[in-house]
file final.tsv (TSV, C-alpha atoms and all ligand atoms)
chain	number	residue	atom	x	y	z
A	1	MET	CA	-18.31	-40.90	46.73
A	2	SER	CA	-15.70	-43.52	45.84
A	3	GLU	CA	-12.12	-42.74	44.91
A	4	LEU	CA	-10.57	-42.71	41.44
A	5	ASN	CA	-6.97	-43.78	41.93
A	6	LEU	CA	-5.56	-43.91	38.42
A	7	ILE	CA	-2.22	-44.61	36.76
A	8	MET	CA	-1.37	-43.48	33.22
A	9	LEU	CA	0.96	-46.07	31.66
A	10	GLY	CA	2.67	-46.09	28.27
A	11	PRO	CA	5.87	-45.14	26.49
A	12	PRO	CA	7.22	-41.59	26.59
A	13	GLY	CA	5.27	-39.51	24.07
A	14	ALA	CA	2.17	-41.75	24.10
A	15	GLY	CA	0.04	-38.80	25.21
A	16	LYS	CA	-0.14	-39.56	28.94
A	17	GLY	CA	0.35	-35.92	29.94
A	18	THR	CA	-2.16	-34.62	27.39
A	19	GLN	CA	-4.81	-37.12	28.45
A	20	ALA	CA	-4.11	-36.66	32.16
A	21	GLU	CA	-4.71	-32.91	31.78
A	22	ARG	CA	-8.10	-33.57	30.19
A	23	LEU	CA	-9.08	-36.17	32.79
A	24	ARG	CA	-8.00	-33.78	35.55
A	25	THR	CA	-10.71	-31.40	34.38
A	26	ASP	CA	-13.32	-34.13	33.70
A	27	PHE	CA	-13.02	-35.80	37.08
A	28	ASN	CA	-11.47	-33.06	39.23
A	29	LEU	CA	-8.39	-35.08	40.17
A	30	PRO	CA	-4.83	-33.86	40.78
A	31	HIS	CA	-2.49	-34.63	37.86
A	32	ILE	CA	0.72	-35.87	39.46
A	33	SER	CA	3.48	-35.98	36.85
A	34	THR	CA	6.85	-37.12	38.19
A	35	GLY	CA	8.58	-35.67	35.11
A	36	ASP	CA	7.00	-32.24	35.68
A	37	ILE	CA	7.83	-32.34	39.41
A	38	LEU	CA	11.44	-33.26	38.64
A	39	ARG	CA	11.79	-30.59	35.93
A	40	ALA	CA	10.48	-27.96	38.38
A	41	GLU	CA	13.14	-29.10	40.89
A	42	VAL	CA	15.81	-28.79	38.20
A	43	ALA	CA	14.58	-25.29	37.25
A	44	ASP	CA	14.62	-24.25	40.92
A	45	GLY	CA	18.18	-25.55	41.28
A	46	THR	CA	17.35	-27.68	44.33
A	47	GLU	CA	19.53	-30.50	45.65
A	48	LEU	CA	17.02	-33.05	44.36
A	49	GLY	CA	16.96	-31.32	40.97
A	50	ARG	CA	20.76	-31.41	40.75
A	51	LYS	CA	20.77	-35.13	41.54
A	52	ALA	CA	17.98	-35.88	39.06
A	53	SER	CA	19.12	-33.82	36.07
A	54	GLU	CA	22.07	-35.98	35.02
A	55	PHE	CA	19.81	-39.04	34.81
A	56	MET	CA	17.06	-37.11	33.02
A	57	ASN	CA	19.37	-35.58	30.41
A	58	ALA	CA	20.71	-39.06	29.63
A	59	GLY	CA	17.18	-40.50	29.34
A	60	LYS	CA	17.79	-42.84	32.30
A	61	LEU	CA	15.54	-43.37	35.32
A	62	VAL	CA	16.20	-41.29	38.43
A	63	PRO	CA	17.00	-43.69	41.33
A	64	ASP	CA	13.95	-45.13	43.12
A	65	GLU	CA	14.95	-43.73	46.52
A	66	VAL	CA	14.57	-40.20	45.14
A	67	ILE	CA	11.19	-40.84	43.50
A	68	VAL	CA	9.29	-43.25	45.74
A	69	GLY	CA	9.11	-41.09	48.88
A	70	MET	CA	8.17	-38.08	46.78
A	71	ILE	CA	5.15	-39.83	45.25
A	72	THR	CA	3.93	-41.89	48.19
A	73	GLY	CA	3.91	-38.65	50.19
A	74	ARG	CA	2.09	-36.81	47.39
A	75	VAL	CA	-0.83	-39.28	47.07
A	76	ALA	CA	-1.44	-38.96	50.83
A	77	GLU	CA	-2.02	-35.19	50.53
A	78	GLY	CA	-5.47	-33.66	50.96
A	79	ASP	CA	-6.18	-32.83	47.32
A	80	ALA	CA	-5.65	-36.51	46.40
A	81	ARG	CA	-8.19	-37.73	48.96
A	82	ASP	CA	-10.81	-38.53	46.29
A	83	GLY	CA	-8.24	-39.87	43.88
A	84	PHE	CA	-5.29	-39.00	41.67
A	85	LEU	CA	-3.85	-39.33	38.18
A	86	LEU	CA	-0.30	-40.61	38.30
A	87	ASP	CA	1.63	-39.79	35.12
A	88	GLY	CA	5.17	-41.17	34.78
A	89	PHE	CA	5.03	-43.25	37.96
A	90	PRO	CA	5.48	-46.15	38.54
A	91	ARG	CA	8.24	-46.75	35.99
A	92	ASN	CA	9.48	-50.17	37.23
A	93	GLU	CA	8.34	-53.08	39.42
A	94	ALA	CA	10.00	-51.77	42.59
A	95	GLN	CA	8.06	-48.49	42.25
A	96	ALA	CA	4.81	-50.38	41.56
A	97	GLU	CA	5.31	-52.49	44.68
A	98	ALA	CA	6.11	-49.39	46.74
A	99	LEU	CA	2.91	-47.74	45.51
A	100	ASP	CA	0.83	-50.84	46.34
A	101	ALA	CA	2.31	-50.89	49.85
A	102	ALA	CA	1.67	-47.16	50.36
A	103	LEU	CA	-1.96	-47.46	49.21
A	104	LEU	CA	-2.51	-50.50	51.43
A	105	GLU	CA	-1.17	-48.50	54.35
A	106	LEU	CA	-3.73	-45.78	53.55
A	107	ASP	CA	-6.46	-48.45	53.19
A	108	ARG	CA	-6.94	-47.52	49.54
A	109	HIS	CA	-6.62	-49.40	46.27
A	110	LEU	CA	-5.90	-48.70	42.63
A	111	THR	CA	-8.99	-48.14	40.48
A	112	ALA	CA	-7.36	-48.62	37.08
A	113	THR	CA	-4.15	-48.54	35.08
A	114	LEU	CA	-4.78	-46.74	31.79
A	115	LEU	CA	-2.33	-48.01	29.18
A	116	ILE	CA	-1.87	-45.90	26.02
A	117	GLU	CA	-0.14	-47.97	23.34
A	118	VAL	CA	1.97	-46.42	20.54
A	119	PRO	CA	4.68	-48.14	18.39
A	120	ASP	CA	8.30	-46.96	18.71
A	121	ASP	CA	8.61	-45.32	15.26
A	122	ASP	CA	5.59	-43.11	15.92
A	123	ILE	CA	7.02	-42.19	19.33
A	124	VAL	CA	10.27	-40.91	17.81
A	125	ARG	CA	8.36	-38.77	15.28
A	126	ARG	CA	6.12	-37.37	18.00
A	127	LEU	CA	8.77	-36.57	20.58
A	128	ALA	CA	11.24	-35.00	18.15
A	129	GLY	CA	8.53	-32.47	17.15
A	130	ARG	CA	7.18	-31.83	20.63
A	131	ARG	CA	7.37	-28.30	22.02
A	132	VAL	CA	6.51	-27.37	25.59
A	133	CYS	CA	5.55	-24.04	27.14
A	134	VAL	CA	8.35	-22.70	29.39
A	135	LYS	CA	5.81	-21.42	31.91
A	136	ASN	CA	3.40	-24.38	32.11
A	137	ALA	CA	4.66	-27.80	31.03
A	138	ALA	CA	1.06	-29.00	30.62
A	139	HIS	CA	0.74	-26.75	27.54
A	140	ILE	CA	2.10	-29.10	24.89
A	141	TYR	CA	2.33	-28.66	21.07
A	142	HIS	CA	3.75	-30.47	18.05
A	143	VAL	CA	5.43	-28.68	15.14
A	144	ASP	CA	3.47	-30.77	12.58
A	145	PHE	CA	0.51	-32.41	14.32
A	146	ASP	CA	-0.61	-29.68	16.73
A	147	PRO	CA	1.22	-26.43	15.92
A	148	PRO	CA	0.61	-23.25	17.92
A	149	LYS	CA	-1.05	-20.33	16.08
A	150	HIS	CA	2.25	-18.40	16.15
A	151	GLU	CA	5.46	-20.38	15.79
A	152	GLY	CA	7.33	-20.80	19.08
A	153	VAL	CA	4.63	-19.09	21.19
A	154	CYS	CA	2.13	-20.74	23.56
A	155	ASP	CA	-1.52	-20.16	22.50
A	156	GLN	CA	-2.69	-20.31	26.10
A	157	ASP	CA	-0.39	-17.84	27.86
A	158	GLY	CA	1.91	-16.27	25.23
A	159	SER	CA	5.06	-17.80	26.75
A	160	ARG	CA	7.95	-19.14	24.71
A	161	LEU	CA	7.86	-22.77	23.57
A	162	GLU	CA	10.97	-24.93	23.81
A	163	GLN	CA	12.14	-28.45	23.07
A	164	ARG	CA	12.81	-30.58	26.15
A	165	ALA	CA	16.49	-31.49	26.49
A	166	ASP	CA	15.55	-35.18	26.50
A	167	ASP	CA	13.44	-34.94	23.32
A	168	ARG	CA	16.58	-35.13	21.13
A	169	GLU	CA	16.56	-38.23	18.94
A	170	ASP	CA	19.53	-40.02	20.59
A	171	VAL	CA	18.03	-39.50	24.06
A	172	ILE	CA	14.59	-40.60	22.82
A	173	ARG	CA	16.11	-43.94	21.73
A	174	THR	CA	17.56	-44.46	25.21
A	175	ARG	CA	14.24	-43.54	26.84
A	176	LEU	CA	12.48	-46.11	24.66
A	177	GLU	CA	15.02	-48.80	25.63
A	178	VAL	CA	14.50	-47.96	29.30
A	179	TYR	CA	10.73	-48.15	28.76
A	180	HIS	CA	10.88	-51.59	27.13
A	181	GLU	CA	13.28	-53.00	29.72
A	182	GLN	CA	11.95	-51.54	32.95
A	183	THR	CA	8.46	-50.12	32.49
A	184	GLU	CA	6.82	-52.51	30.01
A	185	PRO	CA	6.84	-55.41	32.51
A	186	LEU	CA	4.28	-53.35	34.46
A	187	ILE	CA	1.71	-54.18	31.77
A	188	ALA	CA	1.76	-57.83	32.91
A	189	TYR	CA	1.95	-56.73	36.55
A	190	TYR	CA	-1.28	-54.69	36.34
A	191	ASP	CA	-2.93	-57.22	34.04
A	192	ARG	CA	-2.43	-59.82	36.80
A	193	ALA	CA	-3.83	-57.34	39.34
A	194	GLY	CA	-6.91	-56.95	37.12
A	195	THR	CA	-6.67	-53.16	36.82
A	196	LEU	CA	-5.29	-52.86	33.26
A	197	ARG	CA	-7.28	-51.05	30.55
A	198	ARG	CA	-5.77	-50.63	27.06
A	199	PHE	CA	-6.20	-47.68	24.66
A	200	ASP	CA	-5.01	-47.21	21.08
A	201	GLY	CA	-2.70	-44.20	21.25
A	202	LEU	CA	-2.58	-43.88	17.44
A	203	ARG	CA	-6.10	-42.47	17.48
A	204	SER	CA	-6.54	-38.70	17.65
A	205	PRO	CA	-6.19	-37.07	21.08
A	206	ASP	CA	-9.96	-36.41	21.07
A	207	GLU	CA	-10.79	-40.06	20.34
A	208	VAL	CA	-8.34	-41.38	22.94
A	209	HIS	CA	-9.82	-38.94	25.43
A	210	ALA	CA	-13.41	-40.02	24.66
A	211	HIS	CA	-12.49	-43.69	25.14
A	212	ILE	CA	-10.63	-43.14	28.40
A	213	ARG	CA	-13.28	-40.82	29.80
A	214	ALA	CA	-16.03	-43.37	29.08
A	215	THR	CA	-14.00	-46.14	30.72
A	216	VAL	CA	-13.26	-44.07	33.83
A	217	ALA	CA	-16.90	-42.96	34.11
A	218	THR	CA	-17.98	-46.62	33.99
A	219	LEU	CA	-15.40	-47.58	36.59
A	220	ARG	CA	-16.69	-44.84	38.86
A	221	LEU	CA	-20.24	-46.11	38.51
A	222	GLU	CA	-19.08	-49.66	39.31
A	223	GLU	CA	-17.15	-48.43	42.35
A	224	ASN	CA	-20.30	-46.73	43.60
A	225	LEU	CA	-22.50	-49.81	43.25
B	1	LIG	P1	8.73	-37.89	31.72
B	1	LIG	O1	8.38	-36.45	31.61
B	1	LIG	O2	7.70	-38.71	32.43
B	1	LIG	O3	9.11	-38.50	30.38
B	1	LIG	O4	10.04	-37.98	32.63
B	1	LIG	C1	11.25	-37.35	32.25
B	1	LIG	C2	12.42	-37.98	32.98
B	1	LIG	O5	12.26	-37.84	34.39
B	1	LIG	C3	12.59	-39.47	32.76
B	1	LIG	O6	13.30	-39.78	31.56
B	1	LIG	C4	13.38	-39.88	34.00
B	1	LIG	O7	14.73	-39.49	33.91
B	1	LIG	C5	12.72	-39.00	35.07
B	1	LIG	N1	11.56	-39.69	35.69
B	1	LIG	C6	10.24	-39.34	35.61
B	1	LIG	N2	9.47	-40.20	36.31
B	1	LIG	C7	10.31	-41.11	36.86
B	1	LIG	C8	10.13	-42.25	37.69
B	1	LIG	N3	8.92	-42.65	38.10
B	1	LIG	N4	11.23	-42.96	38.05
B	1	LIG	C9	12.46	-42.58	37.65
B	1	LIG	N5	12.71	-41.53	36.86
B	1	LIG	C10	11.65	-40.78	36.47
call {"tool": "encode", "arguments": {"input": "final.tsv", "output": "structure tokens", "more": "lines below"}}
Ligand code: AMP
result
Amino acid sequence: MSELNLIMLGPPGAGKGTQAERLRTDFNLPHISTGDILRAEVADGTELGRKASEFMNAGKLVPDEVIVGMITGRVAEGDARDGFLLDGFPRNEAQAEALDAALLELDRHLTATLLIEVPDDDIVRRLAGRRVCVKNAAHIYHVDFDPPKHEGVCDQDGSRLEQRADDREDVIRTRLEVYHEQTEPLIAYYDRAGTLRRFDGLRSPDEVHAHIRATVATLRLEENL
């Protein structure tokens, strides 16, 4: 069986986490979210978490030296042997190059970069209304578009829902600037590498999921030929 080494690319709030969770179940791949890993470090009060939190709360990128080792180590772990879904990494060209080098070292290659495109104005509306389960950050809601059955309570495990500190409008604007300046150039980078696949993130989560799942299933067939 061939590997499915996948990157989710797109602005914050494009739906990368939501789609990665669905693909995790479809293709039995680990969902590796740098944001979720960092937030867990912050919650645990670790040294890394302390270093990362000031950047995160300001909407800026955590320095590469903190992130790169964390992720290149993670993709080499046993559960990522048949592939992985990277969500939130790479975020700039230096990280993309570090990932390429790490995969080469492991004699592996990227299967696809799944780009979910959403305009800035829609992003602001989405993120400002986003609410996340305090117990499992993969349980995500929206006050208008995808409300929980009971306000402020997670449908899946009954935990409290909260707004992420960096989902405040001023921080969202900074995150979008950082995305356009540092992360968007990766679209051209992966286009040149021939791995880029584009998806319209304005479609419903179900439609986006159906499109991505069909693309990944085709890629897997091609890899097996
Ligand atoms: P996310 O949940 O992906 O939006 O990430 C939340 C925050 O974590 C970002 O705004 C950054 O401060 C930090 N972060 C996540 N992934 C990375 C990365 N690959 N490089 C640098 N900082 C990151």
call {"tool": "residues_near_ligand", "arguments": {"input": "final.tsv", "ligand": "ligand LIG 1 (chain B)", "cutoff": "8 Å", "atoms": "only C-alpha atoms and all ligand atoms", "output": "count of residues only"}}
result
31
call {"tool": "atom_distance", "arguments": {"input": "final.tsv", "atom1": "CA of Thr195 in chain A", "atom2": "CA of Glu65 in chain A"}}
result
25.5 Å
call {"tool": "closest_atom_pairs", "arguments": {"input": "final.tsv", "of": "range 110-204 of chain A", "to": "range 2-11 of chain A", "cutoff": "8 Å", "atoms": "only C-alpha atoms", "output": "Markdown table"}}
result
| residue | atom | partner | partner_atom | distance |
| --- | --- | --- | --- | --- |
| A:Leu110 | CA | A:Asn5 | CA | 5.1 |
| A:Thr111 | CA | A:Asn5 | CA | 5.0 |
| A:Ala112 | CA | A:Leu6 | CA | 5.2 |
| A:Thr113 | CA | A:Ile7 | CA | 4.7 |
| A:Leu114 | CA | A:Met8 | CA | 4.9 |
| A:Leu115 | CA | A:Leu9 | CA | 4.6 |
| A:Ile116 | CA | A:Gly10 | CA | 5.1 |
| A:Glu117 | CA | A:Gly10 | CA | 6.0 |
| A:Val118 | CA | A:Pro11 | CA | 7.2 |
| A:Ile123 | CA | A:Pro11 | CA | 7.8 |
| A:Leu176 | CA | A:Pro11 | CA | 6.9 |
| A:Tyr179 | CA | A:Pro11 | CA | 6.2 |
| A:Glu184 | CA | A:Gly10 | CA | 7.8 |
call {"tool": "write_last_selection", "arguments": {"input": "final.tsv", "atoms": "C-alpha atoms", "output": "short mmCIF file (atom, residue, chain, number, x, y, z; two decimals), keeping the file's coordinate frame"}}
result
data_model
loop_
_atom_site.label_atom_id
_atom_site.label_comp_id
_atom_site.auth_asym_id
_atom_site.auth_seq_id
_atom_site.Cartn_x
_atom_site.Cartn_y
_atom_site.Cartn_z
CA LEU A 110 -5.90 -48.70 42.63
CA THR A 111 -8.99 -48.14 40.48
CA ALA A 112 -7.36 -48.62 37.08
CA THR A 113 -4.15 -48.54 35.08
CA LEU A 114 -4.78 -46.74 31.79
CA LEU A 115 -2.33 -48.01 29.18
CA ILE A 116 -1.87 -45.90 26.02
CA GLU A 117 -0.14 -47.97 23.34
CA VAL A 118 1.97 -46.42 20.54
CA ILE A 123 7.02 -42.19 19.33
CA LEU A 176 12.48 -46.11 24.66
CA TYR A 179 10.73 -48.15 28.76
CA GLU A 184 6.82 -52.51 30.01
#
call {"tool": "residues_near_point", "arguments": {"input": "final.tsv", "point": "(-6.4, -35.6, 28.6)", "cutoff": "12 Å", "atoms": "only C-alpha atoms", "output": "number ranges by chain"}}
result
A: 8, 14-27, 29, 31, 85, 87, 114, 116, 138-140, 201, 204-213
call {"tool": "closest_residue", "arguments": {"input": "final.tsv", "among": "A:Ala193, A:Leu104, A:Glu181, A:Ala40", "to": "Val134 in chain A", "atoms": "only C-alpha atoms"}}
result
A:Ala40
call {"tool": "atom_distance", "arguments": {"input": "final.tsv", "atom1": "CA of Gly152 in chain A", "atom2": "CA of Asp120 in chain A"}}
result
26.2 Å
call {"tool": "atom_distance", "arguments": {"input": "final.tsv", "atom1": "CA of Ala76 in chain A", "atom2": "CA of His180 in chain A"}}
result
29.5 Å
call {"tool": "residues_around", "arguments": {"input": "final.tsv", "residues": "Leu103 in chain A", "least_positions_apart": "4", "cutoff": "9 Å", "atoms": "only C-alpha atoms", "output": "PDB file with C-alpha atoms, keeping the file's coordinate frame"}}
result
ATOM      1  CA  THR A  72       3.930 -41.890  48.190  1.00  0.00           C
ATOM      2  CA  VAL A  75      -0.830 -39.280  47.070  1.00  0.00           C
ATOM      3  CA  ALA A  76      -1.440 -38.960  50.830  1.00  0.00           C
ATOM      4  CA  ALA A  98       6.110 -49.390  46.740  1.00  0.00           C
ATOM      5  CA  LEU A  99       2.910 -47.740  45.510  1.00  0.00           C
ATOM      6  CA  ASP A 107      -6.460 -48.450  53.190  1.00  0.00           C
ATOM      7  CA  ARG A 108      -6.940 -47.520  49.540  1.00  0.00           C
ATOM      8  CA  HIS A 109      -6.620 -49.400  46.270  1.00  0.00           C
ATOM      9  CA  LEU A 110      -5.900 -48.700  42.630  1.00  0.00           C
TER      10      LEU A 110
END
call {"tool": "axis_aligned_box", "arguments": {"input": "final.tsv", "around": "range 115-120 of chain A", "padding_each_side": "6 Å", "output": "lines of an AutoDock Vina configuration file"}}
result
center_x = 3.0
center_y = -47.0
center_z = 23.8
size_x = 22.6
size_y = 14.2
size_z = 22.8
call {"tool": "closest_residue", "arguments": {"input": "final.tsv", "among": "A:Thr183, A:Leu219, A:Ile172, A:Val132", "to": "Asp155 in chain A", "atoms": "all atoms listed in the file"}}
result
A:Val132
call {"tool": "closest_residue", "arguments": {"input": "final.tsv", "among": "A:Cys154, A:Ile71, A:Arg173, A:Ala101", "to": "Arg125 in chain A", "atoms": "all atoms listed in the file"}}
result
A:Arg173
call {"tool": "closest_residue", "arguments": {"input": "final.tsv", "among": "A:Ala94, A:Ile32, A:Val171, A:Leu86", "to": "Leu127 in chain A", "atoms": "only C-alpha atoms"}}
result
A:Val171
call {"tool": "closest_residue", "arguments": {"input": "final.tsv", "among": "A:Tyr141, A:Val66, A:Asp79, A:Thr218", "to": "Glu41 in chain A", "atoms": "all atoms listed in the file"}}
result
A:Val66
call {"tool": "closest_residue", "arguments": {"input": "final.tsv", "among": "A:Gln163, A:Glu169, A:Arg130, A:Thr46", "to": "Pro147 in chain A", "atoms": "only C-alpha atoms"}}
result
A:Arg130
